[in-house]
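A.B. asks: My structure is below; once you've seen it, I'll send some questions.
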Amino acid sequence: TFVGVFQSEPDPDFLAEVLEVAGTLTVARNLILPTCRNKGFFVSNLTVGGFGITAKTAAGSGILIANGSVARVICDGTNYRRLTSDATY
């Protein structure tokens with residue numbers, strides 16, 4: 001199961017820089033982000049339930065962000081990579 005943010009590649013000038021994911025998770029989820037080289041986000045996992053979210057492209061690999069954490073991620077054109085260690089709330 002995944003949560004899709006975008007269906008196609010958006011104009012990177014009009015994207016939000018901070019993504020907050022909230023709610024109750026009963027399983028780990030994927031957060032599908034656009035495949036835009038050098039586009040970065042702060043991803044904040046505000047969910048409860050003890051499961052993380054994986055920030056990734058539709059076809060690439062991603063990084064796990066634990067609940068209660070925030071990470072800075074950037075796309076290399078295929079995959080998302082973590083730029084910072086997770087900060088916790």
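Chains: A, B, ... in order of the structure tokens. Residues: from 1 per chain. Ligands: from 1, in order shown.
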With a cut-off of 6 Å, could you pull out the residues of stretch 3-75 of chain A touching stretch 85-88 of chain A and give me the nearest pair of atoms for each, distance in Å to one decimal, using only C-alpha atoms, ordered by chain and ascending number, as JSON lines?

C.D. replies:
```
{"residue": "A:Gly68", "atom": "CA", "partner": "A:Thr88", "partner_atom": "CA", "distance": 5.7}
{"residue": "A:Ser69", "atom": "CA", "partner": "A:Thr88", "partner_atom": "CA", "distance": 4.3}
{"residue": "A:Val70", "atom": "CA", "partner": "A:Ala87", "partner_atom": "CA", "distance": 5.3}
{"residue": "A:Ala71", "atom": "CA", "partner": "A:Asp86", "partner_atom": "CA", "distance": 4.8}
```

A.B. asks: Take the residues that were just selected and, keeping C-alpha atoms, output them as an mmCIF file, in the first residue's frame.

C.D. replies:
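Saved the output as selection_25.cif:
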```cif
data_model
loop_
_atom_site.group_PDB
_atom_site.id
_atom_site.type_symbol
_atom_site.label_atom_id
_atom_site.label_comp_id
_atom_site.auth_asym_id
_atom_site.auth_seq_id
_atom_site.Cartn_x
_atom_site.Cartn_y
_atom_site.Cartn_z
ATOM 1 C CA GLY A 68 7.885 10.690 15.431
ATOM 2 C CA SER A 69 10.848 11.595 13.213
ATOM 3 C CA VAL A 70 11.665 14.084 10.478
ATOM 4 C CA ALA A 71 14.309 13.643 7.761
#
```

A.B. asks: Using only C-alpha atoms for the distances, tell me which of A:Val43, A:Ala16, A:Arg81, A:Ala55 is nearest to A:Arg29.

C.D. replies: A:Ala55

A.B. asks: Near A:Ser61, counting only C-alpha atoms, which residues have an atom at most 10 Å away, once you skip same-chain residues fewer than 5 positions from it, shown as a ChimeraX atom specification?

C.D. replies: /A:54-56,78-81

A.B. asks: From the list A:Asn38, A:Ser44, A:Asn67, A:Thr57, which residue is nearest A:Thr24 when using only C-alpha atoms?

C.D. replies: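 That would be A:Asn67, the residue with the smallest distance to A:Thr24.
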